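The structure file start-v4.tsv is reproduced below (TSV, C-alpha atoms).
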```tsv
chain	number	residue	atom	x	y	z
K	1	MET	CA	0.00	0.00	0.00
K	2	ALA	CA	1.44	3.37	-0.99
K	3	ASP	CA	2.14	5.94	1.69
K	4	PRO	CA	-0.21	8.98	1.43
K	5	SER	CA	2.55	11.27	2.71
K	6	SER	CA	4.70	10.38	-0.31
K	7	HIS	CA	2.31	12.54	-2.39
K	8	LEU	CA	2.73	15.61	-0.19
K	9	PRO	CA	2.81	18.49	-0.67
K	10	LEU	CA	0.10	18.27	-3.31
K	11	PRO	CA	0.13	20.81	-6.14
K	12	GLN	CA	-2.57	23.42	-5.53
K	13	ALA	CA	-4.70	22.37	-8.52
K	14	GLN	CA	-4.69	18.71	-7.45
K	15	PHE	CA	-5.72	19.56	-3.89
K	16	HIS	CA	-8.56	21.78	-5.09
K	17	VAL	CA	-9.87	19.04	-7.39
K	18	LEU	CA	-9.64	16.43	-4.61
K	19	VAL	CA	-11.54	18.74	-2.26
K	20	ALA	CA	-14.21	19.23	-4.95
K	21	LEU	CA	-14.52	15.45	-5.25
K	22	THR	CA	-15.04	15.07	-1.49
K	23	GLU	CA	-18.50	16.52	-2.18
K	24	GLY	CA	-19.34	13.47	-4.29
K	25	GLU	CA	-19.20	12.25	-7.86
K	26	ARG	CA	-18.70	15.11	-10.28
K	27	HIS	CA	-18.12	15.70	-13.99
K	28	GLY	CA	-15.42	18.07	-15.17
K	29	TYR	CA	-17.47	21.24	-15.45
K	30	ALA	CA	-19.06	20.68	-12.02
K	31	ILE	CA	-15.58	20.21	-10.53
K	32	MET	CA	-14.49	23.54	-12.02
K	33	GLN	CA	-17.55	25.27	-10.58
K	34	SER	CA	-16.94	23.73	-7.18
K	35	VAL	CA	-13.26	24.80	-7.20
K	36	GLU	CA	-14.27	28.36	-8.00
K	37	ALA	CA	-16.90	28.37	-5.28
K	38	THR	CA	-14.71	26.90	-2.53
K	39	SER	CA	-11.80	29.21	-3.39
K	40	GLY	CA	-14.00	32.28	-3.43
K	41	GLY	CA	-13.34	32.74	-7.15
K	42	VAL	CA	-9.59	32.98	-6.65
K	43	VAL	CA	-8.75	29.69	-8.39
K	44	ARG	CA	-10.02	29.61	-11.96
K	45	MET	CA	-9.00	26.51	-13.85
K	46	GLY	CA	-8.99	26.37	-17.62
K	47	PRO	CA	-10.40	23.26	-19.34
K	48	ALA	CA	-7.05	21.62	-20.15
K	49	THR	CA	-5.58	22.46	-16.74
K	50	LEU	CA	-8.55	20.74	-15.15
K	51	TYR	CA	-8.44	17.62	-17.34
K	52	GLY	CA	-4.64	17.45	-17.10
K	53	THR	CA	-5.01	17.49	-13.31
K	54	LEU	CA	-7.72	14.81	-13.43
K	55	LYS	CA	-5.52	12.68	-15.69
K	56	ARG	CA	-2.67	12.93	-13.17
K	57	LEU	CA	-4.98	12.09	-10.24
K	58	VAL	CA	-6.37	9.04	-12.05
K	59	GLU	CA	-2.87	7.87	-13.01
K	60	GLU	CA	-1.73	8.17	-9.40
K	61	GLY	CA	-4.78	6.30	-8.09
K	62	LEU	CA	-6.23	9.27	-6.18
K	63	ALA	CA	-9.35	9.53	-8.32
K	64	GLU	CA	-11.17	7.28	-10.75
K	65	GLU	CA	-13.61	7.54	-13.61
K	66	LEU	CA	-17.07	6.21	-12.97
K	67	PRO	CA	-18.14	3.36	-15.24
K	68	TYR	CA	-21.72	4.68	-15.16
K	69	ARG	CA	-23.59	8.01	-15.18
K	70	PRO	CA	-25.00	8.92	-11.72
K	71	ALA	CA	-27.75	11.02	-13.28
K	72	PRO	CA	-29.61	8.98	-15.95
K	73	ASP	CA	-30.98	12.12	-17.65
K	74	ASP	CA	-27.52	13.68	-17.92
K	75	ASP	CA	-25.53	13.87	-21.13
K	76	GLN	CA	-24.17	10.36	-21.69
K	77	ARG	CA	-20.96	11.78	-23.09
K	78	ARG	CA	-20.00	13.39	-19.79
K	79	ARG	CA	-17.35	11.60	-17.79
K	80	TYR	CA	-17.78	11.47	-14.02
K	81	TYR	CA	-15.05	11.16	-11.40
K	82	ARG	CA	-14.88	10.19	-7.75
K	83	LEU	CA	-12.25	9.94	-5.03
K	84	THR	CA	-10.62	6.59	-4.36
K	85	ALA	CA	-10.00	5.43	-0.78
K	86	PHE	CA	-6.33	6.29	-1.26
K	87	GLY	CA	-7.28	9.69	-2.66
K	88	GLN	CA	-9.28	10.37	0.51
K	89	GLN	CA	-6.25	9.50	2.64
K	90	VAL	CA	-3.97	11.76	0.60
K	91	CYS	CA	-6.54	14.59	0.72
K	92	ALA	CA	-6.86	14.22	4.50
K	93	ALA	CA	-3.06	14.16	4.92
K	94	GLU	CA	-2.67	17.33	2.83
K	95	ALA	CA	-5.46	19.04	4.76
K	96	ALA	CA	-3.73	18.13	8.05
K	97	ARG	CA	-0.40	19.41	6.72
K	98	LEU	CA	-1.94	22.73	5.68
K	99	ALA	CA	-3.85	23.03	8.96
K	100	SER	CA	-0.61	22.58	10.87
K	101	LEU	CA	1.05	25.24	8.71
K	102	VAL	CA	-1.85	27.62	9.31
K	103	ARG	CA	-1.56	27.05	13.09
K	104	VAL	CA	2.13	28.00	13.00
K	105	ALA	CA	1.41	31.07	10.87
K	106	ARG	CA	-1.36	32.21	13.21
K	107	ALA	CA	0.81	31.68	16.27
K	108	ASN	CA	3.77	33.57	14.81
K	109	LEU	CA	1.99	36.47	13.19
K	110	ARG	CA	1.16	39.57	15.18
K	111	PRO	CA	-2.34	39.67	16.71
K	112	GLY	CA	-4.75	41.29	14.34
K	113	VAL	CA	-2.80	40.23	11.24
K	114	ALA	CA	-3.62	36.52	11.27
T	1	MET	CA	-25.45	30.81	-25.86
T	2	THR	CA	-22.77	28.75	-27.62
T	3	SER	CA	-21.61	29.84	-31.02
T	4	PRO	CA	-21.06	26.74	-33.23
T	5	ARG	CA	-18.18	28.51	-34.93
T	6	SER	CA	-16.44	29.21	-31.61
T	7	ALA	CA	-16.85	25.59	-30.54
T	8	ARG	CA	-15.47	24.42	-33.89
T	9	THR	CA	-12.51	26.79	-33.59
T	10	TYR	CA	-11.81	25.55	-30.07
T	11	ALA	CA	-12.15	21.92	-31.23
T	12	ALA	CA	-9.57	22.66	-33.96
T	13	LEU	CA	-7.20	24.16	-31.39
T	14	VAL	CA	-7.59	21.07	-29.18
T	15	ARG	CA	-5.73	19.23	-31.94
T	16	LEU	CA	-2.59	21.00	-30.74
T	17	TYR	CA	-2.48	18.76	-27.66
T	18	PRO	CA	-0.52	15.50	-27.70
T	19	PRO	CA	-2.54	12.66	-29.32
T	20	SER	CA	-2.88	10.61	-26.11
T	21	PHE	CA	-4.34	13.56	-24.17
T	22	ARG	CA	-6.50	14.70	-27.08
T	23	GLN	CA	-7.97	11.27	-27.75
T	24	HIS	CA	-8.95	10.74	-24.12
T	25	TYR	CA	-10.09	14.24	-23.17
T	26	GLY	CA	-10.75	16.01	-26.50
T	27	ASN	CA	-14.55	15.67	-26.33
T	28	ASP	CA	-14.58	16.68	-22.63
T	29	LEU	CA	-12.56	19.81	-23.42
T	30	VAL	CA	-14.96	20.88	-26.17
T	31	GLN	CA	-17.97	20.09	-23.98
T	32	HIS	CA	-16.36	22.10	-21.18
T	33	PHE	CA	-15.87	25.04	-23.56
T	34	ARG	CA	-19.53	24.83	-24.62
T	35	ASP	CA	-20.66	24.80	-20.97
T	36	LEU	CA	-18.46	27.80	-20.21
T	37	ALA	CA	-19.77	29.73	-23.21
T	38	SER	CA	-23.34	28.92	-22.39
T	39	ASP	CA	-22.95	29.83	-18.69
T	40	ARG	CA	-20.76	32.91	-18.91
T	41	GLY	CA	-20.73	34.01	-22.52
T	42	ILE	CA	-18.42	33.48	-25.49
T	43	ARG	CA	-16.00	36.19	-24.42
T	44	ALA	CA	-15.43	34.75	-20.95
T	45	ALA	CA	-15.07	31.26	-22.40
T	46	TRP	CA	-12.41	32.42	-24.85
T	47	THR	CA	-10.55	34.50	-22.26
T	48	ARG	CA	-10.15	31.50	-19.98
T	49	SER	CA	-9.62	28.89	-22.69
T	50	ALA	CA	-7.12	30.88	-24.76
T	51	LEU	CA	-4.88	31.49	-21.75
T	52	ASP	CA	-5.24	27.85	-20.80
T	53	LEU	CA	-4.25	26.75	-24.31
T	54	LEU	CA	-1.19	29.00	-24.29
T	55	VAL	CA	0.04	27.52	-21.03
T	56	THR	CA	-0.95	23.87	-21.34
T	57	VAL	CA	-0.19	23.04	-25.00
T	58	PRO	CA	3.60	23.55	-24.65
T	59	ARG	CA	3.55	22.03	-21.17
T	60	TYR	CA	1.74	18.81	-22.15
T	61	ARG	CA	3.79	18.53	-25.35
T	62	LEU	CA	7.00	18.84	-23.35
T	63	GLU	CA	5.77	16.31	-20.77
T	64	THR	CA	4.97	13.84	-23.54
T	65	ILE	CA	8.41	14.29	-25.07
T	66	MET	CA	10.16	13.95	-21.72
T	67	HIS	CA	8.26	10.79	-20.82
T	68	SER	CA	8.93	8.86	-24.00
T	69	ARG	CA	11.85	6.45	-24.05
T	70	LEU	CA	12.98	7.65	-27.48
T	71	SER	CA	13.24	11.16	-26.12
T	72	SER	CA	15.73	10.00	-23.50
T	73	ALA	CA	18.06	8.92	-26.26
T	74	VAL	CA	17.37	12.17	-28.12
T	75	LEU	CA	18.10	14.10	-24.93
T	76	GLY	CA	21.36	12.18	-24.45
T	77	VAL	CA	22.43	12.89	-28.03
T	78	THR	CA	21.46	16.57	-27.63
T	79	ILE	CA	23.58	16.86	-24.49
T	80	VAL	CA	26.57	15.26	-26.20
T	81	LEU	CA	26.14	17.37	-29.36
T	82	LEU	CA	25.94	20.56	-27.28
T	83	ALA	CA	29.00	19.53	-25.30
T	84	THR	CA	30.90	18.67	-28.50
T	85	ALA	CA	29.89	21.94	-30.15
T	86	GLY	CA	31.01	23.76	-27.00
T	87	ILE	CA	34.41	22.01	-26.85
T	88	VAL	CA	35.08	22.49	-30.58
T	89	SER	CA	34.03	26.16	-30.39
T	90	VAL	CA	36.33	26.81	-27.44
T	91	VAL	CA	39.20	24.96	-29.16
T	92	VAL	CA	38.92	27.13	-32.28
T	93	GLY	CA	38.72	30.23	-30.11
T	94	LEU	CA	35.00	30.99	-30.16
T	95	MET	CA	34.17	31.84	-26.57
T	96	PRO	CA	30.37	31.65	-27.02
T	97	GLY	CA	31.05	27.91	-27.07
T	98	VAL	CA	31.15	28.16	-23.28
T	99	ALA	CA	27.40	28.81	-23.44
T	100	PHE	CA	26.90	25.48	-25.26
T	101	LEU	CA	28.93	23.74	-22.58
T	102	ALA	CA	26.93	25.39	-19.82
T	103	LEU	CA	23.67	24.40	-21.52
T	104	ALA	CA	24.87	20.80	-21.87
T	105	VAL	CA	25.81	20.67	-18.18
T	106	ALA	CA	22.49	22.24	-17.15
T	107	LEU	CA	20.48	19.80	-19.28
T	108	ALA	CA	22.50	16.83	-18.05
T	109	SER	CA	22.19	17.74	-14.38
T	110	GLY	CA	18.56	18.80	-14.63
T	111	GLN	CA	17.41	15.73	-16.49
T	112	ARG	CA	19.69	13.07	-15.03
T	113	SER	CA	17.09	11.52	-12.77
T	114	ARG	CA	14.37	11.69	-15.40
T	115	LEU	CA	16.73	10.19	-17.96
T	116	ALA	CA	17.65	7.38	-15.59
T	117	ARG	CA	14.01	6.72	-14.75
T	118	ALA	CA	12.90	6.80	-18.37
T	119	ILE	CA	15.49	4.34	-19.58
T	120	ARG	CA	14.96	1.91	-16.70
T	121	VAL	CA	13.95	-1.38	-18.29
T	122	PRO	CA	13.87	-4.91	-16.96
T	123	ASP	CA	17.08	-5.71	-18.77
T	124	GLU	CA	20.05	-6.11	-16.47
T	125	ASP	CA	22.50	-6.15	-19.35
T	126	ARG	CA	21.46	-2.82	-20.81
T	127	ARG	CA	24.06	-0.78	-18.91
T	128	ARG	CA	26.77	-3.27	-19.81
T	129	ARG	CA	25.77	-3.28	-23.50
T	130	ARG	CA	25.79	0.51	-23.58
T	131	PHE	CA	29.34	0.60	-22.23
T	132	TRP	CA	30.43	-1.99	-24.78
T	133	MET	CA	28.85	0.09	-27.55
T	134	ALA	CA	30.71	3.15	-26.21
T	135	THR	CA	33.94	1.11	-26.18
T	136	ALA	CA	33.46	-0.02	-29.79
T	137	LEU	CA	32.78	3.55	-30.95
T	138	ALA	CA	35.75	4.90	-28.96
T	139	ILE	CA	37.96	2.31	-30.71
T	140	VAL	CA	36.59	3.51	-34.08
T	141	PHE	CA	37.41	7.09	-33.03
T	142	LEU	CA	40.93	6.05	-32.05
T	143	ALA	CA	41.37	4.05	-35.28
T	144	THR	CA	40.35	7.08	-37.34
T	145	LEU	CA	43.08	9.15	-35.71
T	146	VAL	CA	45.69	6.44	-36.27
T	147	SER	CA	44.56	6.09	-39.89
T	148	TYR	CA	44.78	9.87	-40.34
T	149	ALA	CA	48.29	9.97	-38.85
T	150	ALA	CA	49.45	7.03	-41.00
T	151	GLU	CA	48.05	8.52	-44.19
T	152	SER	CA	49.33	12.04	-43.70
T	153	ARG	CA	52.84	11.26	-42.34
T	154	GLY	CA	53.58	14.92	-42.03
T	155	GLU	CA	52.14	15.80	-45.44
T	156	GLU	CA	48.84	17.35	-46.47
T	157	ILE	CA	46.18	14.75	-47.26
T	158	GLY	CA	43.44	15.11	-49.87
T	159	ASP	CA	40.21	16.96	-49.15
T	160	ALA	CA	38.04	13.87	-49.63
T	161	SER	CA	40.13	11.80	-47.25
T	162	LEU	CA	40.23	14.63	-44.71
T	163	LEU	CA	36.44	14.97	-44.90
T	164	LEU	CA	35.97	11.22	-44.46
T	165	HIS	CA	38.31	11.08	-41.47
T	166	ASN	CA	36.64	14.09	-39.86
T	167	ALA	CA	33.12	12.77	-40.44
T	168	VAL	CA	33.83	9.25	-39.17
T	169	GLY	CA	35.94	10.52	-36.26
T	170	LEU	CA	33.37	13.06	-35.12
T	171	ALA	CA	30.45	10.60	-35.48
T	172	ALA	CA	32.36	7.95	-33.53
T	173	MET	CA	33.32	10.43	-30.80
T	174	VAL	CA	29.73	11.70	-30.43
T	175	GLY	CA	28.45	8.11	-30.44
T	176	ALA	CA	30.96	6.98	-27.83
T	177	LEU	CA	30.14	9.89	-25.53
T	178	THR	CA	26.39	9.35	-26.06
T	179	PHE	CA	26.52	5.68	-25.09
T	180	LEU	CA	28.80	6.54	-22.17
T	181	VAL	CA	26.26	9.10	-20.88
T	182	LEU	CA	23.33	6.71	-21.45
T	183	GLY	CA	25.22	3.92	-19.70
T	184	LEU	CA	26.00	6.15	-16.71
T	185	ALA	CA	22.35	7.21	-16.53
T	186	THR	CA	21.15	3.60	-16.57
T	187	PRO	CA	20.53	2.25	-13.05
T	188	ARG	CA	23.47	0.20	-11.77
T	189	SER	CA	23.08	-3.38	-12.83
T	190	GLY	CA	26.56	-4.29	-14.01
T	191	GLY	CA	29.13	-2.95	-16.42
T	192	ARG	CA	31.81	-0.39	-15.69
T	193	PRO	CA	32.50	2.79	-17.62
T	194	TRP	CA	36.30	2.70	-17.21
T	195	LEU	CA	37.23	1.10	-20.55
T	196	PRO	CA	35.06	3.27	-22.84
T	197	ALA	CA	35.92	6.38	-20.82
T	198	GLY	CA	39.64	5.51	-20.96
T	199	ILE	CA	39.73	4.86	-24.70
T	200	THR	CA	37.69	8.01	-25.38
T	201	ALA	CA	40.05	10.09	-23.22
T	202	LEU	CA	43.06	8.62	-25.05
T	203	ALA	CA	41.46	9.38	-28.42
T	204	VAL	CA	40.68	12.94	-27.31
T	205	ALA	CA	44.31	13.36	-26.23
T	206	LEU	CA	45.47	12.19	-29.66
T	207	ALA	CA	42.89	14.35	-31.46
T	208	ILE	CA	44.05	17.61	-29.86
T	209	PRO	CA	47.14	18.10	-32.10
T	210	ALA	CA	45.02	17.35	-35.20
T	211	ILE	CA	42.35	19.88	-34.19
T	212	ASP	CA	44.86	22.55	-33.27
T	213	GLY	CA	46.92	22.21	-36.49
T	214	GLY	CA	50.13	20.98	-34.83
T	215	GLU	CA	51.10	24.23	-33.08
T	216	LEU	CA	50.14	23.47	-29.51
T	217	SER	CA	50.16	26.07	-26.80
T	218	GLU	CA	51.30	25.19	-23.29
T	219	GLY	CA	47.68	25.00	-22.13
T	220	TRP	CA	46.75	22.48	-24.79
T	221	TRP	CA	49.81	20.37	-23.96
T	222	MET	CA	48.53	20.29	-20.41
T	223	VAL	CA	45.00	19.27	-21.51
T	224	MET	CA	46.49	16.59	-23.76
T	225	ALA	CA	48.70	15.27	-20.97
T	226	VAL	CA	45.81	15.14	-18.49
T	227	ALA	CA	43.51	13.38	-21.01
T	228	GLY	CA	46.31	10.96	-21.94
T	229	VAL	CA	47.20	10.10	-18.34
T	230	ALA	CA	43.51	9.76	-17.40
T	231	GLY	CA	42.93	7.57	-20.45
T	232	ILE	CA	45.86	5.27	-19.67
T	233	GLY	CA	44.83	5.15	-16.00
T	234	LEU	CA	41.25	4.20	-16.83
T	235	VAL	CA	42.28	1.54	-19.35
T	236	VAL	CA	44.73	0.03	-16.80
T	237	ALA	CA	42.00	0.12	-14.12
T	238	ALA	CA	39.61	-1.64	-16.50
T	239	ALA	CA	42.24	-4.28	-17.29
T	240	LEU	CA	42.97	-4.84	-13.59
T	241	ALA	CA	39.27	-5.10	-12.79
T	242	ALA	CA	38.78	-7.66	-15.57
T	243	TYR	CA	41.84	-9.61	-14.35
T	244	THR	CA	40.80	-9.74	-10.70
T	245	ALA	CA	37.22	-10.59	-11.66
T	246	THR	CA	38.33	-13.91	-13.22
T	247	PRO	CA	38.70	-16.90	-10.87
T	248	THR	CA	42.39	-17.26	-11.87
T	249	GLY	CA	43.08	-13.62	-11.21
T	250	ALA	CA	41.34	-13.79	-7.87
T	251	VAL	CA	43.58	-16.67	-6.78
T	252	ARG	CA	46.71	-14.91	-7.98
T	253	GLY	CA	45.66	-11.58	-6.51
```
Write out the structure in this file as structure tokens.
Amino acid sequence: MADPSSHLPLPQAQFHVLVALTEGERHGYAIMQSVEATSGGVVRMGPATLYGTLKRLVEEGLAEELPYRPAPDDDQRRRYYRLTAFGQQVCAAEAARLASLVRVARANLRPGVA
Amino acid sequence: MTSPRSARTYAALVRLYPPSFRQHYGNDLVQHFRDLASDRGIRAAWTRSALDLLVTVPRYRLETIMHSRLSSAVLGVTIVLLATAGIVSVVVGLMPGVAFLALAVALASGQRSRLARAIRVPDEDRRRRRFWMATALAIVFLATLVSYAAESRGEEIGDASLLLHNAVGLAAMVGALTFLVLGLATPRSGGRPWLPAGITALAVALAIPAIDGGELSEGWWMVMAVAGVAGIGLVVAAALAAYTATPTGAVRG
């Protein structure tokens, strides 16, 4: 079994996509919308950046394509993705790493700045 | 509202991506563009997609090149060609040649791990075969110099013969250095670089007077001496290693 920490630190785009997939099964465009919403519009991924990131995540076993369409009335050409169990572990490890970093930053910065 | 022409233009631009990426994600990219245009307008879709194309097309192309096994060989040859161009330029007094050398060193150091990873194959003899190939080419390089010396014997030789000697010698030298670099970048599984490196160094030492036209400065004598001594040392080390590796040698040693 691969070690989740061997994937850390995750590139920003990969972490954002993993976080979007924690909400459930999503197709590409829905992932992009979710990333924009959770980042407050700061992270705007172009189409190829998004699919390049998904390709990398699938290759590394952090996400997988669904063999079926969750919504029967949806466009059959759309490809859906979900987190793998290993992807969840890596996402949790990255979140813990960032949380620890944020704690240090808050502790070290002057009151009122952090 | 999606403009069919915009979607067609974007679909045409998607062809710029590497085939593997395009075949798997081409339809998703176009669908994504249509969704963007329909949600936020054609202008917003183009603003985001054009910037994305500019950044990702070269990046994915480069990644594809760097991940292919063929490209590792191409990269190795490029490094050796740059290094050769740099050395020859410096020898004939063109200082910009230093830039070629620096580029070769930067490429070699920057890509060493990727090169080693890319050429890792389940073939334990690959490293050994590469060093033997380098040895054979270094011998050809050496033989060209001996042939040139024997034919000229202090006199000018014909243009055709000179061209042939130069072409064969240069090709053999580049080949020997290429296989030496590829062998060194192959994960350790046997084979030592001493013999090909030694013969190549000896050949380089012998080639210096030919390149410099016979009038050697003190600096070039020094370079020649160092290359010659290193070459002899490496060949002797290779011979000793081969001797002690045999059961007879081990008993005697």
Show me, as a tab-separated table, the residues of range 13-32 of chain T having an atom within 9 Å of range 16-38 of chain K, each with the closest atom pair and its distance in Å, using all atoms listed in the file.
```
residue	atom	partner	partner_atom	distance
T:Asp28	CA	K:Gly28	CA	7.6
T:Leu29	CA	K:Gly28	CA	8.9
T:Gln31	CA	K:Tyr29	CA	8.6
T:His32	CA	K:Tyr29	CA	5.9
```
Show me which bits of chain K are within 9 Å of chain T, counting only C-alpha atoms, as a PDB file with C-alpha atoms, in the frame of the given file.
```pdb
ATOM      1  CA  GLY K  28     -15.420  18.070 -15.170  1.00  0.00           C
ATOM      2  CA  TYR K  29     -17.470  21.240 -15.450  1.00  0.00           C
ATOM      3  CA  ARG K  44     -10.020  29.610 -11.960  1.00  0.00           C
ATOM      4  CA  MET K  45      -9.000  26.510 -13.850  1.00  0.00           C
ATOM      5  CA  GLY K  46      -8.990  26.370 -17.620  1.00  0.00           C
ATOM      6  CA  PRO K  47     -10.400  23.260 -19.340  1.00  0.00           C
ATOM      7  CA  ALA K  48      -7.050  21.620 -20.150  1.00  0.00           C
ATOM      8  CA  THR K  49      -5.580  22.460 -16.740  1.00  0.00           C
ATOM      9  CA  TYR K  51      -8.440  17.620 -17.340  1.00  0.00           C
ATOM     10  CA  GLY K  52      -4.640  17.450 -17.100  1.00  0.00           C
ATOM     11  CA  LYS K  55      -5.520  12.680 -15.690  1.00  0.00           C
ATOM     12  CA  ARG K  77     -20.960  11.780 -23.090  1.00  0.00           C
ATOM     13  CA  ARG K  78     -20.000  13.390 -19.790  1.00  0.00           C
ATOM     14  CA  ARG K  79     -17.350  11.600 -17.790  1.00  0.00           C
TER      15      ARG K  79
END
```
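In this model, the gap between CA of Arg5 in chain T and CA of Ala37 in chain T comes to 11.9 Å.
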Subject >> Distance query range 165-171 of chain T at most 8 Å, all atoms listed in the file, self and fewer than 2 positions along chain excluded, as a PyMOL selection string >> reply: chain T and resi 140-142+144-145+148+161-163+173-175
Original post:
What does the distance from CA of Val77 in chain T to CA of Leu107 in chain T come to in Å, to one decimal?
Top reply: 11.3 Å
Subject >> d(CA of Met224 in chain T, CA of Ala197 in chain T) in Å >> reply: 15.0 Å
